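Just below is one structure, and these are the notes that go with it.
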Amino acid sequence: MRFTKMHGAGNDYIYVNCMQGQPADPAALAVRLSDRHKGVGADGLVLICKSEVADAKMRMFNADGSEGKMCGNAIRCVGKYLYERGIAEKTDLAVETLSGVKQLRLYTEGGKVTRVRVDMGQAVFDPARIPVALPGSAVVGERVHIAGGVHTITCVSMGNPHCVVFEDPDEIDLAKLGPLFENDPLFPERVNTEFVKVIGHNRLKMRVWERGSGETMACGTGACAAVAAAVARGMFAKGQDVTVQLRGGELVINVGETVFLTGEAVTVFEGEV
């Protein structure tokens, strides 16, 4: 099986062209290939498949084999893959995901895709749709008992569930707190958790614990959720570009009526397994 290793801001996945058919057990394949010591090494596996409603369909599996609904960093790399291999030779693409069809704008230099902007859809604050087991119409800046302490959380769905915590990411023990947040009973489908700090004008610093993968170098939907949470709490104005600094690089988020994510898409290497 041929594969391509790609990353967006350090959030790396193994990409497989499945236009002619998918592997029988992609979940088990994701676990085996994602192992950074005994496999290829990645945050997960992405299958690029045929779609009846878009230019292609993205299926993504986390390192633990669980299937994710959406990944903002992965979908940018899917756009790069489709364009550079001539599968869809245009700079405006539609990609089907479990969170719906997403619209991509590709930016190219010398025939190569360097950056991709993704229309991520609206940020959802309705607890039932995230889901989070708390009452009310939204969970914004709410103090709760969680992870063995009291934390102020804002909960957002970007097609997958997020819990945004405005605490200095350099001061927390993410390896300890991440799993506690991910598996807390407040979140019936588990949760991705972002620890965030405002570090300047329209700038955030963030570390993320992704459900099914652990800490990753970046999370596109998480960066969107973090900025949406900051806007909801009055830290930033709507409709402005906000730069999110992650361990693997920077992403630019704009939260208006919809949420736009812009960032790099990089091919690391190709191989066969």
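In the structure tokens, each chain is lettered A, B, ... as it comes, each chain's residues begin at 1, and ligands are numbered from 1 in order of appearance.
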Excluding Leu246 in chain A and residues on its chain fewer than 2 positions from it, collect all residues at most 9 Å away from it, counting only C-alpha atoms, and give them as a PyMOL selection string.
chain A and resi 9-10+204-208+217-219+223+244+248-251
Keeping only C-alpha atoms, write those residues as a tab-separated table (two decimals), in the first residue's frame.
```
chain	number	residue	atom	x	y	z
A	9	ALA	CA	1.41	22.89	11.61
A	10	GLY	CA	2.95	19.65	12.84
A	204	LEU	CA	-3.36	33.28	21.29
A	205	LYS	CA	-1.01	30.60	22.55
A	206	MET	CA	-2.47	27.11	22.78
A	207	ARG	CA	-1.72	23.50	23.64
A	208	VAL	CA	-4.22	20.80	22.83
A	217	MET	CA	1.48	19.63	17.72
A	218	ALA	CA	-1.62	21.41	16.41
A	219	CYS	CA	-5.39	21.03	16.07
A	223	ALA	CA	-7.77	26.53	17.17
A	244	VAL	CA	-3.04	30.95	17.12
A	248	GLY	CA	3.88	22.95	15.53
A	249	GLY	CA	3.37	26.38	14.01
A	250	GLU	CA	0.71	29.05	13.54
A	251	LEU	CA	-2.85	29.04	12.23
```
Please run DSSP on the backbone and report, as a PyMOL selection string, all residues within range 64-265 of chain A that come out as strand (DSSP E or B).
chain A and resi 67-68+92-97+100-109+112-119+124+142-146+149-157+161-165+192-200+203-210+214-216+241-246+249-255+259-264
Measuring between only C-alpha atoms, which one of A:Cys77, A:Val259, A:Leu93, A:Ile87 shows the shortest distance to Val53 in chain A?
A:Leu93
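By chain and then residue number, the residues within 10 Å of range 235-240 of chain A are Val198, His201, Asn202, Arg203, Val227, Ala228, Ala229, Ala230, Val231, Val252, Ile253, Asn254, Val255, Gly256, Glu257, Thr258, Val259 and Phe260 of chain A, counting only C-alpha atoms and disregarding those fewer than 4 positions away in sequence.
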Give me the residues near Gly41 in chain A as a list of chain:residue names, where near means some atom within 9 Å (using only C-alpha atoms) and where sequence neighbours in that chain fewer than 6 positions away do not count.
A:Asp12, A:Tyr13, A:Ile14, A:Arg32, A:Leu33, A:Ser34, A:Asp35
Exercise: range 104-117 of chain A partners within 12 Å, only C-alpha atoms, chain neighbours under 3 positions left out, as a PyMOL selection string:
chain A and resi 7-9+54-56+72-86+88-96+101+120-121+220+250-254+259-267
Output N, CA and C atoms of each residue in that selection to a file, as a compact mmCIF listing (two decimals), in the first residue's frame.
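Saved to result_23.txt:
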```txt
# COMPACT_ATOMS: atom_id res chain seq x y z
N HIS A 7 1.68 17.00 6.89
CA HIS A 7 1.33 17.66 8.15
C HIS A 7 0.83 19.07 7.89
N GLY A 8 0.03 19.54 8.81
CA GLY A 8 -0.38 20.94 8.87
C GLY A 8 -0.04 21.46 10.24
N ALA A 9 0.94 22.35 10.32
CA ALA A 9 1.41 22.89 11.61
C ALA A 9 1.85 21.79 12.56
N ALA A 54 -19.17 15.72 -3.47
CA ALA A 54 -18.05 16.66 -3.41
C ALA A 54 -16.92 16.15 -4.29
N ASP A 55 -15.81 16.90 -4.32
CA ASP A 55 -14.66 16.47 -5.12
C ASP A 55 -14.00 15.22 -4.55
N ALA A 56 -14.11 15.03 -3.26
CA ALA A 56 -13.56 13.84 -2.60
C ALA A 56 -14.17 13.74 -1.21
N GLY A 72 -9.29 19.98 10.89
CA GLY A 72 -8.96 21.14 10.08
C GLY A 72 -7.59 21.08 9.46
N ASN A 73 -6.62 20.49 10.15
CA ASN A 73 -5.28 20.38 9.58
C ASN A 73 -5.23 19.30 8.50
N ALA A 74 -5.92 18.19 8.76
CA ALA A 74 -5.92 17.09 7.79
C ALA A 74 -6.61 17.47 6.49
N ILE A 75 -7.71 18.20 6.57
CA ILE A 75 -8.47 18.51 5.36
C ILE A 75 -7.67 19.46 4.46
N ARG A 76 -6.83 20.31 5.03
CA ARG A 76 -5.97 21.16 4.20
C ARG A 76 -5.01 20.30 3.38
N CYS A 77 -4.47 19.27 4.01
CA CYS A 77 -3.55 18.38 3.30
C CYS A 77 -4.28 17.56 2.24
N VAL A 78 -5.53 17.22 2.49
CA VAL A 78 -6.33 16.53 1.48
C VAL A 78 -6.47 17.41 0.24
N GLY A 79 -6.73 18.70 0.46
CA GLY A 79 -6.82 19.63 -0.66
C GLY A 79 -5.53 19.68 -1.46
N LYS A 80 -4.41 19.74 -0.77
CA LYS A 80 -3.10 19.75 -1.44
C LYS A 80 -2.91 18.46 -2.23
N TYR A 81 -3.25 17.34 -1.64
CA TYR A 81 -3.10 16.04 -2.29
C TYR A 81 -3.92 15.98 -3.58
N LEU A 82 -5.17 16.39 -3.50
CA LEU A 82 -6.07 16.33 -4.66
C LEU A 82 -5.55 17.20 -5.81
N TYR A 83 -5.08 18.39 -5.47
CA TYR A 83 -4.62 19.33 -6.50
C TYR A 83 -3.30 18.88 -7.12
N GLU A 84 -2.34 18.54 -6.31
CA GLU A 84 -1.00 18.27 -6.83
C GLU A 84 -0.91 16.95 -7.58
N ARG A 85 -1.87 16.05 -7.34
CA ARG A 85 -1.89 14.78 -8.06
C ARG A 85 -2.88 14.77 -9.22
N GLY A 86 -3.46 15.94 -9.51
CA GLY A 86 -4.34 16.07 -10.65
C GLY A 86 -5.69 15.40 -10.49
N ALA A 88 -8.18 16.70 -8.68
CA ALA A 88 -9.10 17.84 -8.81
C ALA A 88 -8.25 19.07 -9.10
N GLU A 89 -8.13 19.43 -10.37
CA GLU A 89 -7.22 20.49 -10.78
C GLU A 89 -7.91 21.85 -10.74
N LYS A 90 -8.24 22.29 -9.55
CA LYS A 90 -8.84 23.61 -9.35
C LYS A 90 -8.51 24.07 -7.94
N THR A 91 -8.59 25.37 -7.72
CA THR A 91 -8.18 25.91 -6.43
C THR A 91 -9.34 26.14 -5.47
N ASP A 92 -10.54 25.90 -5.92
CA ASP A 92 -11.71 25.89 -5.02
C ASP A 92 -12.28 24.48 -5.02
N LEU A 93 -12.21 23.83 -3.86
CA LEU A 93 -12.58 22.43 -3.75
C LEU A 93 -13.65 22.23 -2.69
N ALA A 94 -14.39 21.14 -2.83
CA ALA A 94 -15.35 20.72 -1.81
C ALA A 94 -14.94 19.32 -1.34
N VAL A 95 -14.85 19.14 -0.03
CA VAL A 95 -14.46 17.85 0.54
C VAL A 95 -15.52 17.41 1.53
N GLU A 96 -16.02 16.20 1.34
CA GLU A 96 -17.04 15.63 2.22
C GLU A 96 -16.38 15.07 3.48
N VAL A 101 -20.00 18.80 4.15
CA VAL A 101 -19.10 19.17 3.06
C VAL A 101 -18.43 20.50 3.40
N MET A 120 -14.95 26.38 7.86
CA MET A 120 -15.20 25.35 8.86
C MET A 120 -16.65 25.31 9.34
N GLY A 121 -17.49 26.22 8.83
CA GLY A 121 -18.87 26.28 9.28
C GLY A 121 -18.98 27.10 10.56
N GLY A 220 -6.59 21.94 14.16
CA GLY A 220 -7.29 22.99 13.43
C GLY A 220 -8.64 23.33 14.01
N GLU A 250 1.78 28.08 13.33
CA GLU A 250 0.71 29.05 13.54
C GLU A 250 -0.43 28.82 12.57
N LEU A 251 -1.65 29.07 13.05
CA LEU A 251 -2.85 29.04 12.23
C LEU A 251 -3.56 30.38 12.37
N VAL A 252 -4.24 30.79 11.32
CA VAL A 252 -4.99 32.05 11.34
C VAL A 252 -6.48 31.73 11.29
N ILE A 253 -7.21 32.23 12.28
CA ILE A 253 -8.64 31.95 12.42
C ILE A 253 -9.42 33.26 12.33
N ASN A 254 -10.53 33.23 11.61
CA ASN A 254 -11.43 34.37 11.54
C ASN A 254 -12.83 33.89 11.87
N VAL A 259 -16.69 30.27 10.37
CA VAL A 259 -15.32 30.28 10.87
C VAL A 259 -14.38 29.85 9.74
N PHE A 260 -13.39 30.70 9.46
CA PHE A 260 -12.39 30.38 8.45
C PHE A 260 -11.07 30.04 9.13
N LEU A 261 -10.44 28.97 8.62
CA LEU A 261 -9.15 28.51 9.10
C LEU A 261 -8.16 28.54 7.94
N THR A 262 -7.02 29.19 8.14
CA THR A 262 -5.98 29.25 7.11
C THR A 262 -4.66 28.78 7.69
N GLY A 263 -3.98 27.91 6.93
CA GLY A 263 -2.69 27.42 7.41
C GLY A 263 -1.97 26.63 6.34
N GLU A 264 -0.77 26.20 6.67
CA GLU A 264 0.08 25.48 5.74
C GLU A 264 -0.40 24.06 5.51
N ALA A 265 0.08 23.47 4.41
CA ALA A 265 -0.11 22.05 4.13
C ALA A 265 1.20 21.55 3.54
N VAL A 266 1.83 20.57 4.18
CA VAL A 266 3.20 20.19 3.85
C VAL A 266 3.30 18.68 3.62
N THR A 267 3.93 18.30 2.52
CA THR A 267 4.25 16.89 2.28
C THR A 267 5.60 16.58 2.91
```
I'd like the contact shell of range 23-29 of chain A - 12 Å cut-off, only C-alpha atoms, skipping same-chain residues fewer than 5 positions apart - returned as a VMD selection string.
chain A and resid 1 to 2 14 to 18 34 to 35 39 to 42 44 to 49 59 to 68 212 273
Suppose you want the space between CA of Ala138 in chain A and CA of Leu180 in chain A; what is it in Å?
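Interatomic distance here is 21.9 Å.
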Residue neighbourhood Pro188 in chain A, 7 Å, only C-alpha atoms, exclusion window fewer than 3 positions, as a PyMOL selection string:
chain A and resi 131-132+185
So how far away is CA of Ser213 in chain A from CA of Thr97 in chain A, in Å?
18.9 Å
